[in-house]
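Student: Below you will find the structure I want to go over with you.
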Amino acid sequence: MSDPSRPRAGALFDVSGRAFAVTGGGSGLGLAVAEILLDEGATVTVLDHSAERVERETARLRADGRPVRGQVVDVTEPGAVDAALCATFDEDGRLDGVFVNAGISIGSSYTDPAWRIEEFPMDSWQRVAAVNLDGVLATLRSAAGLMRPQGRGKIVLTASTAGLRTDPMVAYSYVATKAAVVSLGRQAALDLAGSGVTVNTIAPGPFRTNIGSGFDPGEEVWKQTVPLGRIGHTDELKGLALLLASDASSYMTGGIYPIDGGALALSHVL
C-alpha cells in the first residue's frame, strides 16, 4: 500500500509558478529547455544575443499563452548579464533557476587542416573563450549572487562530451572551454553547497543545433561516433533539463550528466 505522505512523481517534477532564465534560449538546446519549463508551468526569461531569435521565439511561445519574456543579452558583457538576471528577479520576485547554456563552436580539424594546433587562429580561440568560458562565468556569478541570499536555486551549465574526452569533430577552443565548464561547475557546486543552491552540468553529445556553424560531416560519420546511430533531437534533452530544474534533483549537485546516444561508451572516436 502506498504511503500518502510521500510525494508522487508528478509533484517531484513540478516547476509550476517558478521563475527561470535561459541563456542561449533563442534556439537549439536552450530553446528546448525554455519550452519544457514553460510546458510545465514555469515563467521563463529567454536570453539570447540575437534580437531576431528573441522576438520570433518569444512571440511563438507567448501565442500559446505561456508566461515567457525575452531579453537581448551578450553574455560576454558581464554588466549586461547582471542587468538581465536582476530584471528577471525583480519582475518575478524570485529566481529559481538559471540554465547557463549560451555557447559557440568554430571550426573542426576533421575537415580543415587550418584548425590543427600549428595553424590554429588565435582570434577564433579568443572569440570562443569569450562566450563559452567568460560568458559562463559571468552568468554563474550573477546567478549565485541572487540565489545565495534567497537560500535556494538551481544552476545548470551546458558543457559537452567534447569536454570529457578528445573529439576530432570540433576545434581546440571548443574542447578546452567545455572542459573548463565541467571544472567550473564542480567548483561552484562546492562553493554553493551550504547555501541551498545546486549546480549541475549537462554534457550533450551531437544534437542538431546551430552551434556548429553549418558543420555536419553527414549521418554516416555520426553513426561511427554514436552507438544509437543518429544525431539527437533537441526535444530529447527536455527530460534531463526538467529533472535538474525540479525538486526531483534535490540531492544532486556537482554532477556531470552526459546525454549522447551512448557516445561516451565507445573506446574511441573515429
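Letters for chains follow the order of the C-alpha cells (A, B, ...), residue numbers begin at 1 for each chain, and ligand numbers begin at 1 in the order shown.
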Please provide as a list in words all residues within 10 Å of A:Phe89, with the sequence filter that same-chain residues fewer than 4 positions apart are discarded (counting only C-alpha atoms).

Tutor: Ala19, Phe20, Ala21, Ala83, Ala84, Leu85, Gly93, Arg94, Leu95, Asp96, Ala143, Leu146 and Met147 of chain A

Student: Would you pick out the contacts of A:Val136 at 7 Å or less, using only C-alpha atoms, so that residues sharing its chain but fewer than 4 positions from it are not included, and give the list as a list in words?

Tutor: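 Listed by chain and then number, they are Val100, Asn132 and Leu140 of chain A.
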
Student: Keeping C-alpha atoms, export the residues of the selection given above as a PDB file, in the first residue's frame.

Tutor:
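After the write, selection-v9.pdb holds the following:
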```pdb
ATOM      1  CA  VAL A 100      23.805  28.703 -18.388  1.00  0.00           C
ATOM      2  CA  ASN A 132      31.973  29.594 -23.699  1.00  0.00           C
ATOM      3  CA  LEU A 140      27.221  31.853 -12.991  1.00  0.00           C
TER       4      LEU A 140
END
```

Student: Report the residues of stretch 234-264 of chain A whose backbone DSSP state falls under helix (DSSP H, G or I), written as a list in words.

Tutor: Thr234, Asp235, Glu236, Leu237, Lys238, Gly239, Leu240, Ala241, Leu242, Leu243, Leu244, Ala245, Asp247, Ala248, Ser249, Ala263 and Leu264 of chain A

Student: Write a file of the selected residues as a compact mmCIF listing (two decimals), in the first residue's frame, keeping C-alpha atoms.

Tutor:
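The result, written out as out_17.txt:
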```txt
# COMPACT_ATOMS: atom_id res chain seq x y z
CA THR A 234 16.63 18.85 -29.14
CA ASP A 235 13.38 17.54 -27.62
CA GLU A 236 15.40 14.62 -26.24
CA LEU A 237 17.15 16.97 -23.82
CA LYS A 238 13.91 18.05 -22.18
CA GLY A 239 13.59 15.22 -19.66
CA LEU A 240 17.07 15.79 -18.23
CA ALA A 241 16.53 19.54 -18.13
CA LEU A 242 13.28 19.16 -16.18
CA LEU A 243 14.94 16.75 -13.75
CA LEU A 244 17.73 19.21 -12.96
CA ALA A 245 15.29 22.14 -12.70
CA ASP A 247 12.82 19.04 -6.78
CA ALA A 248 13.46 15.59 -8.24
CA SER A 249 17.16 16.55 -8.23
CA ALA A 263 28.88 8.09 -27.44
CA LEU A 264 30.99 8.09 -24.28
```

Student: Mind checking DSSP for stretch 78-186 of chain A and telling me the strand (DSSP E or B) residues as a ChimeraX atom specification?

Tutor: /A:97-100,153-158

Student: Would you save the residues from that selection as a PDB file, in the first residue's frame, using C-alpha atoms?

Tutor:
```pdb
ATOM      1  CA  GLY A  97      16.871  28.508 -11.747  1.00  0.00           C
ATOM      2  CA  VAL A  98      19.301  29.605 -14.427  1.00  0.00           C
ATOM      3  CA  PHE A  99      20.365  27.471 -17.364  1.00  0.00           C
ATOM      4  CA  VAL A 100      23.805  28.703 -18.388  1.00  0.00           C
ATOM      5  CA  GLY A 153      18.201  27.871  -6.588  1.00  0.00           C
ATOM      6  CA  LYS A 154      19.153  25.587  -9.451  1.00  0.00           C
ATOM      7  CA  ILE A 155      22.058  26.415 -11.744  1.00  0.00           C
ATOM      8  CA  VAL A 156      22.580  24.161 -14.750  1.00  0.00           C
ATOM      9  CA  LEU A 157      25.588  24.560 -17.039  1.00  0.00           C
ATOM     10  CA  THR A 158      25.848  23.233 -20.577  1.00  0.00           C
TER      11      THR A 158
END
```

Student: My list of candidates is A:Leu29, A:Ala63, A:Leu47, A:Ala144. Which is closest to A:Arg208 when distances are computed with only C-alpha atoms?

Tutor: A:Leu29

Student: Could you pull the residues within 9 Å of stretch 64-80 of chain A, counting only C-alpha atoms, minus those fewer than 5 positions along the same chain, as an NGL selection string?

Tutor: :A and (23-26 or 34 or 38-39 or 41-51 or 54-55 or 57-59 or 85 or 102 or 130-132 or 134-139 or 142)

Student: Between A:Met252, A:Ala9, A:Val33, A:Val81, which has the minimum distance to A:Leu190 (counting only C-alpha atoms)?

Tutor: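 Ranking A:Met252, A:Ala9, A:Val33, A:Val81 by distance to A:Leu190, first place goes to A:Met252.
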
Student: Using Å and a single decimal, report how far atom CA of A:Gly163 sits from atom CA of A:Pro227.

Tutor: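 Going from atom CA of A:Pro227 over to atom CA of A:Gly163, I get 18.9 Å.
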
Student: May I ask which of the residues A:Leu133, A:Ala162, A:Ala176, A:Val128 is the closest one to A:Ile106, counting only C-alpha atoms?

Tutor: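 Counting only C-alpha atoms, the residue closest to A:Ile106 is A:Val128.
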
Student: For A:Lys178, list every protein, DNA or RNA residue within 12 Å, evaluated using only C-alpha atoms, and leave out those in the same chain fewer than 3 positions away; present the list as an MDAnalysis selection string.

Tutor: chainID A and resid 101:105 128:129 131:134 136 157:167 170:175 181:185 201:205 256

Student: Hey, can you spit out that residue selection with C-alpha atoms as a short mmCIF file (atom, residue, chain, number, x, y, z; two decimals), in the first residue's frame?

Tutor:
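Listing of out.cif after writing:
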```cif
data_model
loop_
_atom_site.label_atom_id
_atom_site.label_comp_id
_atom_site.auth_asym_id
_atom_site.auth_seq_id
_atom_site.Cartn_x
_atom_site.Cartn_y
_atom_site.Cartn_z
CA ASN A 101 23.58 27.44 -21.94
CA ALA A 102 24.95 30.04 -24.38
CA GLY A 103 27.88 28.72 -26.37
CA ILE A 104 29.51 28.71 -29.79
CA SER A 105 31.82 26.47 -31.81
CA VAL A 128 35.03 31.06 -28.42
CA ALA A 129 36.59 31.53 -24.98
CA VAL A 131 31.38 33.14 -24.94
CA ASN A 132 31.97 29.59 -23.70
CA LEU A 133 34.07 30.39 -20.64
CA ASP A 134 33.96 34.11 -19.78
CA VAL A 136 29.57 31.14 -18.43
CA LEU A 157 25.59 24.56 -17.04
CA THR A 158 25.85 23.23 -20.58
CA ALA A 159 29.22 21.64 -21.28
CA SER A 160 29.74 18.87 -23.87
CA THR A 161 31.02 15.35 -24.23
CA ALA A 162 33.88 17.12 -26.02
CA GLY A 163 34.83 18.47 -22.60
CA LEU A 164 35.14 14.96 -21.21
CA ARG A 165 37.35 13.36 -23.88
CA THR A 166 39.15 14.14 -27.13
CA ASP A 167 36.89 14.96 -30.05
CA VAL A 170 35.47 20.17 -33.04
CA ALA A 171 38.34 22.61 -32.65
CA TYR A 172 40.73 23.13 -29.72
CA SER A 173 38.85 26.15 -28.44
CA TYR A 174 35.61 24.22 -28.03
CA VAL A 175 37.20 21.20 -26.34
CA VAL A 181 32.99 24.47 -17.85
CA VAL A 182 32.95 20.98 -16.30
CA SER A 183 35.53 22.04 -13.71
CA LEU A 184 33.84 25.37 -13.13
CA GLY A 185 30.55 23.64 -12.39
CA THR A 201 26.30 20.24 -15.68
CA ILE A 202 24.76 18.71 -18.78
CA ALA A 203 27.21 17.23 -21.29
CA PRO A 204 25.40 16.82 -24.63
CA GLY A 205 26.76 14.76 -27.45
CA ILE A 256 28.04 15.92 -14.90
#
```

Student: Could you jot down the atom CA of A:Ser246 to atom CA of A:Val15 separation for me, Å, one decimal place?

Tutor: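 Interatomic distance, atom CA of A:Ser246 to atom CA of A:Val15: 5.9 Å.
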
Student: May I ask for the distance between atom CA of A:Ile231 and atom CA of A:Ser27, given in Å to one decimal place?

Tutor: 16.6 Å
